[in-house]
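**Student:** One structure is given below, represented as structure tokens, and several questions about it will come after.
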Amino acid sequence: MSFEIKNNVYWVGVIDWGLRKFHGEELSTNNGSSYNSYLIKDEKNVLIDTVYTPFAEEFINNLQKEISLEEIDCIVINHAEPDHSGALPYLIEKMPNAKIICSTNGMKSINGYYHLDKEMTVMKTGDTLNIGSRELVFVENQMIHWPDSMMCYLTKDNILFSNDAFGQHYANKAMYNSKADKCLIYSESLKYYANIVAPFSKKVAKKIEDVLAMNLTINYICPSHGIIWDENPTQIIDLYAKWANSYQENQVTIIYDTMYNSTRKMAEAIACGISEESPETKIQLLNTGTGDKSDIITEIFRSKMLIAGSPTVNNGISTSMAGLLEEIKGFALTGKKGSAFGSYGWNPLGVKSISNKLQEGGFELVGEGMKVNWNPDEKALSDCKEYGKMLAKSL
């Protein structure tokens with residue numbers, strides 16, 4: 001499958017319909033994804049990015065239906081993670097004279113992955129490549145989300161090849177936001193940002209300022225995963241600007257793990273208290289032991305408060321809760337409040353452990369935490385409900 005986007009610019013990637021995990025087992029991709037590669041035909045023919053290694057043969061076979069490999073002059077690698085560059089060594093075997101274009105850090109990453117004995121052309125922000133009737137303008141995109149990331153812009157056709165920025169894991173044959181499910185596009189774009197881009201929000205905000213200062217006309221945004229933005233394409237830039245600025249909705253997320261349902265009962269009582277005190281506040285109640293970690297992180301990202309609960313386990317907390325809070329710590333979220341709760345048998349250290357991890361993650365603690373010994377009785381559940389009301393008032 002390939003198709004023309006505009007004026008001899010083609011999508012030549014691969015749709016991975018069955019993808020359900022990404023970055024190893026880290027990120028859930030319940031709607032599949034795509035590995036987007038783009039071909040520009042001009043006096044110089046340019047390939048922008050490739051596809052994930054397992055799809056290299058399929059990709060090259062399809063690419064050859066669009067152009068003879070020896071006619072490709074340059075391969076731009078905007079980012080060297082294997083889901084973008086995986087077919088590169090196979091292409092180089094077949095077209096050794098093609099020039100590889102990348103960032104300074106991209107050269108290090110490519111050599112680190114593939115150990116290619118090949119000279120590469122390094123591009124920095126503002127550098128251009130004349131390909132005939134048009135130029136490619138390069139913009140470094142460091143730490144959005146890797147040190148080697150960059151974007152490039154095609155003049156005259158006003159196409160921004162944005163790499164990992166502005167994408168989503170979403171497989172759809174329509175391939176344009178004007179033709180695909182807009183609700184799914186939004187939810188998958190938010191999930192993508194929350195799980196992959198959010199740790200770098202300060203850099204995102206600055207880079208958006210830099211790109212806007214270039215006064216580029218943008219008719220298409222072509223990311224490395226998911227759909228192409230053709231209808232009001234800069235809407236995703238506006239969303240990134242909003243998401244990068246201590247984003248929160250009127251939502252509270254309660255996460256918990258439980259052994260014998262004591263902590264679950266506490267979570268539900270706290271949720272009841274919040275709902276009674278603040279009925280307009282949306283509440284998400286999620287079990288870290290059985291829930292989808294990527295979806296949980298997305299809900300935390302959307303929330304103004306995170307309330308986390310676990311039974312005390314061996315002087316600590318459950319592994320699912322500990323792992324999630326440790327990961328969240330690296331996201332550097334700002335402007336969010338947090339509180340802890342949990343049941344215990346022999347000691348109440350779990351709540352203290354959660355409180356410490358929330359503070360380490362940048363959450364403003366509310367309350368001293370709610371602890372219940374053994375199985376909560378009606379009095380304990382009533383106290384949990386009151387605790388929820390107190391937390392709602394703090395909002």
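Residue numbering restarts at 1 in every chain; chains get A, B, ... in the order shown in the structure tokens, and ligands count up from 1 in that same order.
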Do you know which residues are at most 8 Å from Trp11 in chain A counting only C-alpha atoms, after dropping those on the same chain fewer than 4 positions away, and could you put them as an MDAnalysis selection string?

**Tutor:** chainID A and resid 2:5 36:39

**Student:** Can you write out the residues you just picked, keeping C-alpha atoms, as a PDB file, in the first residue's frame?

**Tutor:**
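Saved result, result.pdb, follows:
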ATOM      1  CA  SER A   2       1.157   3.501  -0.868  1.00  0.00           C
ATOM      2  CA  PHE A   3      -0.630   6.708  -1.808  1.00  0.00           C
ATOM      3  CA  GLU A   4       0.137  10.220  -2.959  1.00  0.00           C
ATOM      4  CA  ILE A   5      -0.400  12.943  -0.369  1.00  0.00           C
ATOM      5  CA  ASN A  36       4.996   6.091   8.514  1.00  0.00           C
ATOM      6  CA  SER A  37       7.634   6.556   5.864  1.00  0.00           C
ATOM      7  CA  TYR A  38       7.410   9.242   3.190  1.00  0.00           C
ATOM      8  CA  LEU A  39       8.858   9.523  -0.305  1.00  0.00           C
TER       9      LEU A  39
END

**Student:** Once DSSP has gone over the backbone, tell me which residues of range 137-272 of chain A are in strand (DSSP E), as an NGL selection string.

**Tutor:** :A and (137-140 or 150-154 or 159-163 or 220-223 or 251-256)

**Student:** Out of A:Ser28, A:Thr217, A:Thr258, A:Asn111, which residue has the shortest atom-to-atom distance to Ile159 in chain A when counting only C-alpha atoms?

**Tutor:** A:Thr217

**Student:** May I have the residues within 9 Å of Ser318 in chain A as a PyMOL selection string, using only C-alpha atoms and disregarding those fewer than 3 positions away in the same chain?

**Tutor:** chain A and resi 257-258+289+310-314+321-323+350

**Student:** Env of range 325-337 of chain A: 9 Å cut, atoms = only C-alpha atoms, seq-sep filter 3 positions within chain, self excluded. Answer as a PyMOL selection string.

**Tutor:** chain A and resi 194-195+197-201+245-248+297+300-301+303-308+320-322+354+357-366+394-395

**Student:** Those residues you just picked out, can you put them in a file as a JSON list (two decimals), in the first residue's frame with C-alpha atoms?

**Tutor:**
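Output contents, as saved in result.json:
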[["chain", "number", "residue", "atom", "x", "y", "z"],
["A", 194, "ALA", "CA", 0.69, 11.34, 28.30],
["A", 195, "ASN", "CA", 2.79, 8.18, 28.08],
["A", 197, "VAL", "CA", 5.93, 12.99, 25.49],
["A", 198, "ALA", "CA", 4.72, 14.29, 28.89],
["A", 199, "PRO", "CA", 8.10, 13.92, 30.65],
["A", 200, "PHE", "CA", 9.45, 16.53, 28.23],
["A", 201, "SER", "CA", 6.61, 19.05, 28.45],
["A", 245, "ASN", "CA", 1.15, 23.52, 30.33],
["A", 246, "SER", "CA", 0.40, 21.63, 33.59],
["A", 247, "TYR", "CA", -2.65, 20.12, 31.92],
["A", 248, "GLN", "CA", -5.60, 19.00, 34.01],
["A", 297, "ILE", "CA", -1.15, 6.94, 33.26],
["A", 300, "ILE", "CA", -3.53, 10.50, 35.90],
["A", 301, "PHE", "CA", -2.25, 12.97, 33.31],
["A", 303, "SER", "CA", -6.47, 14.69, 36.54],
["A", 304, "LYS", "CA", -6.07, 17.50, 39.03],
["A", 305, "MET", "CA", -5.64, 15.00, 41.89],
["A", 306, "LEU", "CA", -4.27, 11.48, 42.22],
["A", 307, "ILE", "CA", -5.37, 9.39, 45.21],
["A", 308, "ALA", "CA", -3.33, 6.20, 45.55],
["A", 320, "SER", "CA", 1.94, -2.83, 40.78],
["A", 321, "MET", "CA", 1.49, 0.36, 42.81],
["A", 322, "ALA", "CA", 5.20, 0.78, 43.52],
["A", 354, "ILE", "CA", 2.83, 6.07, 48.96],
["A", 357, "LYS", "CA", 6.47, 8.54, 46.39],
["A", 358, "LEU", "CA", 3.76, 11.08, 45.55],
["A", 359, "GLN", "CA", 5.90, 13.88, 46.94],
["A", 360, "GLU", "CA", 8.89, 12.62, 44.97],
["A", 361, "GLY", "CA", 6.68, 12.75, 41.88],
["A", 362, "GLY", "CA", 5.91, 16.43, 42.40],
["A", 363, "PHE", "CA", 2.37, 16.04, 43.79],
["A", 364, "GLU", "CA", 1.20, 18.46, 46.46],
["A", 365, "LEU", "CA", 0.10, 16.25, 49.36],
["A", 366, "VAL", "CA", -3.36, 16.76, 50.82],
["A", 394, "SER", "CA", -9.22, 20.91, 48.75],
["A", 395, "LEU", "CA", -9.87, 21.17, 45.03]]

**Student:** With only C-alpha atoms as the counted atoms, please give the residues lying no more than 12 Å from Ala380 in chain A, apart from itself and same-chain residues fewer than 5 positions off, as JSON, numbers by chain.

**Tutor:** {"A": [262, 263, 265, 266, 267, 269, 270, 342, 343, 370, 371, 372, 373, 374, 375, 385, 386, 387]}

**Student:** Could the residues in this selection be saved with C-alpha atoms as a PDB file, in the first residue's frame?

**Tutor:**
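Generated file (selection.pdb):
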ATOM      1  CA  SER A 262     -10.124  -4.038  52.086  1.00  0.00           C
ATOM      2  CA  THR A 263      -8.313  -1.369  50.072  1.00  0.00           C
ATOM      3  CA  LYS A 265     -13.678  -0.896  49.754  1.00  0.00           C
ATOM      4  CA  MET A 266     -11.729   2.126  50.997  1.00  0.00           C
ATOM      5  CA  ALA A 267     -11.250   3.374  47.429  1.00  0.00           C
ATOM      6  CA  ALA A 269     -15.898   4.902  49.936  1.00  0.00           C
ATOM      7  CA  ILE A 270     -13.445   7.736  49.183  1.00  0.00           C
ATOM      8  CA  GLY A 342      -4.481   1.846  52.459  1.00  0.00           C
ATOM      9  CA  SER A 343      -5.302  -1.071  54.715  1.00  0.00           C
ATOM     10  CA  MET A 370      -6.196   7.349  55.397  1.00  0.00           C
ATOM     11  CA  LYS A 371      -5.268   4.077  57.143  1.00  0.00           C
ATOM     12  CA  VAL A 372      -7.589   1.222  58.095  1.00  0.00           C
ATOM     13  CA  ASN A 373      -6.553  -1.794  60.154  1.00  0.00           C
ATOM     14  CA  TRP A 374      -7.676  -5.118  58.683  1.00  0.00           C
ATOM     15  CA  ASN A 375     -11.101  -5.184  57.023  1.00  0.00           C
ATOM     16  CA  LYS A 385     -16.136   8.780  52.875  1.00  0.00           C
ATOM     17  CA  GLU A 386     -15.432  11.845  55.011  1.00  0.00           C
ATOM     18  CA  TYR A 387     -11.818  11.741  53.888  1.00  0.00           C
TER      19      TYR A 387
END

**Student:** Can you pull out every residue from range 106-141 of chain A that DSSP, working from the backbone, puts in alpha helix (DSSP H), and format the result as a list in words?

**Tutor:**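 Across range 106-141 of chain A, those assigned alpha helix (DSSP H) are Gly106, Met107, Lys108, Ser109, Ile110, Asn111, Gly112, Tyr113 and Tyr114 of chain A.
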
**Student:** Selected residues, N, CA and C atoms, written as a compact mmCIF listing (two decimals), in the first residue's frame, please.

**Tutor:**
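Okay, selection20.txt is ready:
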# COMPACT_ATOMS: atom_id res chain seq x y z
N GLY A 106 21.70 11.74 16.02
CA GLY A 106 21.18 10.68 15.18
C GLY A 106 22.29 9.82 14.61
N MET A 107 23.39 10.47 14.24
CA MET A 107 24.53 9.71 13.73
C MET A 107 25.07 8.74 14.79
N LYS A 108 25.12 9.21 16.03
CA LYS A 108 25.57 8.35 17.13
C LYS A 108 24.61 7.18 17.32
N SER A 109 23.31 7.48 17.28
CA SER A 109 22.31 6.43 17.50
C SER A 109 22.33 5.40 16.38
N ILE A 110 22.41 5.87 15.13
CA ILE A 110 22.43 4.95 13.99
C ILE A 110 23.64 4.03 14.05
N ASN A 111 24.80 4.60 14.33
CA ASN A 111 26.00 3.77 14.45
C ASN A 111 25.91 2.83 15.64
N GLY A 112 25.28 3.29 16.72
CA GLY A 112 25.12 2.45 17.90
C GLY A 112 24.22 1.26 17.64
N TYR A 113 23.19 1.46 16.84
CA TYR A 113 22.26 0.38 16.54
C TYR A 113 22.80 -0.56 15.45
N TYR A 114 23.35 0.03 14.37
CA TYR A 114 23.58 -0.76 13.17
C TYR A 114 25.05 -0.88 12.76

**Student:** So that I can see what lies close to Ala165 in chain A, please list as a PyMOL selection string the residues with an atom at most 9 Å from it, counting only C-alpha atoms and leaving out residues fewer than 3 positions away in the same chain.

**Tutor:** chain A and resi 141+144-145+151+162+168+193+197+223-224+240

**Student:** Could those selected residues go to a file with C-alpha atoms, as a JSON list (two decimals), in the first residue's frame?

**Tutor:**
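Output saved as out_7.json:
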[["chain", "number", "residue", "atom", "x", "y", "z"],
["A", 141, "ASN", "CA", 13.66, 18.38, 18.20],
["A", 144, "ILE", "CA", 10.87, 15.17, 22.10],
["A", 145, "HIS", "CA", 11.33, 12.44, 22.88],
["A", 151, "MET", "CA", 11.65, 17.35, 12.08],
["A", 162, "SER", "CA", 7.11, 15.84, 12.51],
["A", 168, "GLN", "CA", -0.61, 8.53, 17.90],
["A", 193, "TYR", "CA", 1.37, 12.42, 24.71],
["A", 197, "VAL", "CA", 5.93, 12.99, 25.49],
["A", 223, "PRO", "CA", 4.01, 12.17, 11.89],
["A", 224, "SER", "CA", 5.79, 8.85, 12.22],
["A", 240, "TYR", "CA", 0.30, 20.01, 22.49]]

**Student:** Report as a PyMOL selection string all protein, DNA and RNA residues lying within 6 Å of Ser149 in chain A, evaluated on only C-alpha atoms, omitting residues in the same chain fewer than 5 positions from it.

**Tutor:** chain A and resi 78-79+141-142

**Student:** Let me make sure I understand: among A:Asn287, A:Thr155, A:Thr253, A:Ser382, which one has the smallest atom-to-atom distance to Leu129 in chain A if we use only C-alpha atoms?

**Tutor:** A:Thr155

**Student:** So the first atom is CA of Asp238 in chain A and the second is CA of Phe166 in chain A; what is the distance between them in Å, to one decimal place?

**Tutor:**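 These atoms are spaced 10.3 Å apart.
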